[in-house]
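Please read the structure below before turning to the comments.
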Amino acid sequence: MKGISSKANPRSKEAIPTQATKLTAAELFHPCDPNQFDFDTTDDINHSSPLLGLDRAIDAIRLGVGVQSAGFNIFLMGSTGLGKHVIAQQLLLQHRDPDKPLFDWCYVNNFRDGNKPVALQLPAGMGKKLKSEIHTLIEALKKTVPTLLQNEDYVQHADRLQNELNEKEIAAFQSIEEKAKAQSCILKRSKNGYLIHPIKEDKVLSKEEFDKLPDEEKVVIDKSIEELRLLLVNLLKQVPHWDQEMKEKKSKLERDYMLITVDYLIGQLPEELLAIDSVSQYIENLKRHVLDNIPLFNGSLETEINEYTGQKLSFSPYTVYEVNIIVDNSDTDASPVIYEDNPTYANLVGRIEHKGELGTFITNFTLIKPGAFHRANGGFLVVDVIQLLNKPFVWDVFKRTLLSNQIKLQPLEQFLSVNSIASLEPDSIPLDVKIILIGDRMMYYMLKQYDPEFSQLFKVQADCSEEINRTEESCLLFSQLIGQLQSDAKARPLDRSAVARLIEFAARQAEDGEKLTLHRGNISAIILEADFLARQHEQAVITSNAIQQAIDAKQFRSGYLKECITDNIQRGINQIDTQGSKIGQVNGLSVISIDENMFGRPCRITAVVHLGQSNVVNIEREVDMSGPSHSKGVMILTAYLREQYEQKQPLSFSATLTFEQSYGMIDGDSASAAELCALLSAIAQVPIKQNIAVTGAIDQHGNIEAIGGVNEKIEGFFDICSLKGLTGEQGVIIPRTNLAHLMVNENVRQSVQNGNFHIWVADHVDQVMNLLTEVAMGKINTKSQYPANSINAAIITRIKQMNKALNNSGSSKPPKRG
């Protein structure tokens, strides 16, 4: 190539090294030294789980617990696998107030309106005592009352009242009989009542004898009989009233005797119960109901049997005196921490159950069942926000309950205003609870944006860190976390080498050799798999070898898709060259992520250049197979070309870029460096080595920027090269800023150690092109010229040729109109 004088005036820039830096095997991995630990196995570690990366969450929960104003509930956020439920339990148990008074809650019968049960708030432990004492009271009445109503004194009083009634009735009838006798008549009792007959000479006159009497005498007799009949009718009307009066007197007598017994038994109740106003009022209402329903206790009623079916009743008549304890804190020593894993409507606010009897459904206050709000009252309720939002209608009820600070128990049908079976209307219970919603960050911000009430209810954001800095101190703390996870999993102890390997695994999971992931789920899974392997080999301790086998086994189980892709490349179906050189073609590196499995996949990126109007066509974008990040990367490299070469002359060419044999969506800008290299190669007509793959993003000035999945990308290209045969010339170029992220596997490190594979780090696209082509990009001199045989010189020459060709092709055409 000849040096080309450039009239362009590119920006002045800092000196850029012409060579990328080759890494040693030691720079590809951040090992953990087992000798830094002072224990032999995790059984020697304090198993108290350290609260790693939770500084923000601890401060937030301290604030949420400390501020008692409405709305200071907590949203604990973090990605899946962080162990947010365990974290919430640990933090809440540490911050709950052991001196906060706790209460029992009971529902009792409303003796005035049975459809509106009464809620009683009692000091913790008093619910059981009240239930026991009331049961004892009712049982005592059932045993005492029949005996009481059979004692001699009561019987004498009752007999006296009955005798008074009998004597009164007898005297009244005797009076009428005497009047009848005085008027020559007599009273006789028959089946249909009393009959009045005339008599003469003490003999009852027959009808024939009566008809023979003189008319005047018959008139006198008829008048007498009518008068006596009226007296008798009036007397018979009086008798029911006398009977009722007698019943009332007997009832009063019975009540007076009963009152003495009831008062005595109530007086035996513990004073600590009677000192509670709500209990005292309930006892007074119960006493009144007992006195109004003495037949329940005197043995005169068949109280347990249905009179129609002869079967036992669903509810005993004595059920009205039961105590339904819905919250029992007798064994709770501090504010309760409740986790509701299935927050349905009934599981949150409670439910009212029904029983079937005689073809219908019946219920009462004893069938009221508590929900999570009841159990957590006075403490903390932990709920998964996804589970909460997945349940129909629950989110609105959840918010309504928090806004009202009342637990209102009603069937869901009533809440939705649809027809329902008859039910109860229990008293609402005041709510004193701190809610801890658990979810990811996206859900938090979505709720905050789309639900205005969310910000009123959840004013405290508790953010759990995803990872921590990897230092000697944090590794020691992380070993304690590993010990806790091993203890929770009931696995064999891990020796220090296994702990060190797990820390390395945690760094790999964090995609950063200087960080440690805090995702407990993945670490616990590896511990359990390693424990299984240790048990198979009858090992008492989990070693680093078992940990490595568990990691390898996990990768193997999820590696089918990777094997399919690798096999297609090996067979030549998907074409990836690992030797030779080609113009406008470069091996880029992408990452495929499926579930928790992520692996690298080499991609063949090609570019072609032709006359045009200074635009770069992204084929993936044109066919809607390019994500926004990838499209942005292509636009950035286009900007780089214009900034570098279009200062004084137009770029009279167009180019197309594509990922060959790619049939899915492509996103991310990590291939933009490789795409730029392919494009520069196509313009300058300089071949690119196919034995080197490139990954890295670029900015508008050509600087190489960090990308994700660097370890998987390196390993992906290494696997392909291994299958096709390592030549000692193959390798990968990565951004220098990804050095801290390197945690590549043992196979790659060993190959680099042996000189069979290489990894370079680069800062600028110039370094990448120099390594890929063994031709310098070239720096502009004081005469605005690039050195001969440089890539920049070739590019400038090609641009001029295209400008000239484009101008010549357009000279014979009429000018375009605006």
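Identifiers in this document derive from the order of the structure tokens: chains are assigned A, B, ..., residues are numbered from 1 separately in each chain, and ligands are numbered from 1 in order of occurrence.
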
Filtered DSSP result for range 316-499 of chain A, state alpha helix (DSSP H), as a ChimeraX atom specification: /A:345-349,372-376,385-390,394-404,412-415,441-450,452-457,472-488,496-499

Exercise: His289 in chain A partners within 10 Å, only C-alpha atoms, chain neighbours under 5 positions left out, as a list in words: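 Here the qualifying residues turn out to be Phe111, Arg112, Ile283, Glu284, Ile294, Val320 and Tyr321 of chain A.
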
Write to file, as a short mmCIF file (atom, residue, chain, number, x, y, z; two decimals), in the first residue's frame, the residues of the selection just made, with C-alpha atoms.
```cif
data_model
loop_
_atom_site.label_atom_id
_atom_site.label_comp_id
_atom_site.auth_asym_id
_atom_site.auth_seq_id
_atom_site.Cartn_x
_atom_site.Cartn_y
_atom_site.Cartn_z
CA PHE A 111 -76.55 -12.12 72.77
CA ARG A 112 -78.57 -9.22 71.39
CA ILE A 283 -70.06 -11.78 81.35
CA GLU A 284 -72.99 -9.50 82.20
CA ILE A 294 -83.18 -21.50 82.24
CA VAL A 320 -73.65 -19.59 72.15
CA TYR A 321 -71.53 -19.62 75.31
#
```

Counting only C-alpha atoms, the option among A:Arg492, A:Arg501, A:His741, A:His519 closest to Gln539 in chain A: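 Among A:Arg492, A:Arg501, A:His741, A:His519, it is A:Arg492 that comes nearest to Gln539 in chain A.
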
CA of Lys713 in chain A to CA of Gly731 in chain A, straight-line distance in Å: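 One can read the CA of Gly731 in chain A to CA of Lys713 in chain A distance as 11.2 Å.
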
Neighbour list for Gly378 in chain A as a PyMOL selection string, cut-off 9 Å, only C-alpha atoms, skip fewer than 6 positions in-chain: chain A and resi 100-103+335-336+431-434

Residue among A:Leu235, A:Glu216, A:Gly125, A:Ala776 lying closest to Ala171 in chain A, counting only C-alpha atoms: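 Once distances to Ala171 in chain A are computed over only C-alpha atoms, the minimum belongs to A:Leu235.
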
A:Gln68, A:Thr695, A:Asn324, A:Asn597 ranked by distance to His135 in chain A, top pick (using only C-alpha atoms):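 Closest candidate: A:Asn324.
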
Which residue of A:Phe72, A:Tyr444, A:Phe39, A:Tyr450 approaches Asp463 in chain A most closely, using only C-alpha atoms: A:Tyr444

Shell around Tyr445 in chain A at 12 Å using only C-alpha atoms, local window under 4 positions removed, as an mmCIF file with N, CA and C atoms, in the first residue's frame:
```cif
data_model
loop_
_atom_site.group_PDB
_atom_site.id
_atom_site.type_symbol
_atom_site.label_atom_id
_atom_site.label_comp_id
_atom_site.auth_asym_id
_atom_site.auth_seq_id
_atom_site.Cartn_x
_atom_site.Cartn_y
_atom_site.Cartn_z
ATOM 1 N N PHE A 75 -40.791 -2.253 51.499
ATOM 2 C CA PHE A 75 -40.672 -3.079 50.298
ATOM 3 C C PHE A 75 -39.232 -3.551 50.225
ATOM 4 N N MET A 77 -36.488 -5.320 48.304
ATOM 5 C CA MET A 77 -36.298 -5.622 46.890
ATOM 6 C C MET A 77 -34.958 -6.292 46.624
ATOM 7 N N GLY A 439 -40.085 -8.425 46.685
ATOM 8 C CA GLY A 439 -40.182 -8.496 45.232
ATOM 9 C C GLY A 439 -38.912 -7.979 44.577
ATOM 10 N N ASP A 440 -38.920 -7.951 43.256
ATOM 11 C CA ASP A 440 -37.746 -7.440 42.556
ATOM 12 C C ASP A 440 -37.892 -5.941 42.310
ATOM 13 N N ARG A 441 -36.852 -5.349 41.813
ATOM 14 C CA ARG A 441 -36.833 -3.899 41.640
ATOM 15 C C ARG A 441 -37.837 -3.440 40.585
ATOM 16 N N GLN A 449 -45.147 3.573 39.966
ATOM 17 C CA GLN A 449 -45.552 4.422 38.849
ATOM 18 C C GLN A 449 -47.042 4.317 38.547
ATOM 19 N N TYR A 450 -47.591 3.107 38.637
ATOM 20 C CA TYR A 450 -48.950 2.890 38.161
ATOM 21 C C TYR A 450 -50.008 2.812 39.265
ATOM 22 N N ASP A 451 -49.616 2.711 40.520
ATOM 23 C CA ASP A 451 -50.588 2.646 41.603
ATOM 24 C C ASP A 451 -50.331 3.807 42.559
ATOM 25 N N PRO A 452 -51.157 4.858 42.528
ATOM 26 C CA PRO A 452 -50.912 6.032 43.380
ATOM 27 C C PRO A 452 -50.917 5.700 44.874
ATOM 28 N N PHE A 454 -49.808 3.046 46.289
ATOM 29 C CA PHE A 454 -48.647 2.256 46.699
ATOM 30 C C PHE A 454 -47.638 3.113 47.458
ATOM 31 N N SER A 455 -47.380 4.313 46.957
ATOM 32 C CA SER A 455 -46.401 5.188 47.604
ATOM 33 C C SER A 455 -46.878 5.638 48.978
ATOM 34 N N PHE A 458 -46.253 2.210 51.172
ATOM 35 C CA PHE A 458 -44.901 1.659 51.279
ATOM 36 C C PHE A 458 -43.893 2.779 51.046
ATOM 37 N N GLN A 461 -38.065 1.907 51.242
ATOM 38 C CA GLN A 461 -37.464 1.025 50.236
ATOM 39 C C GLN A 461 -36.224 0.367 50.836
#
```
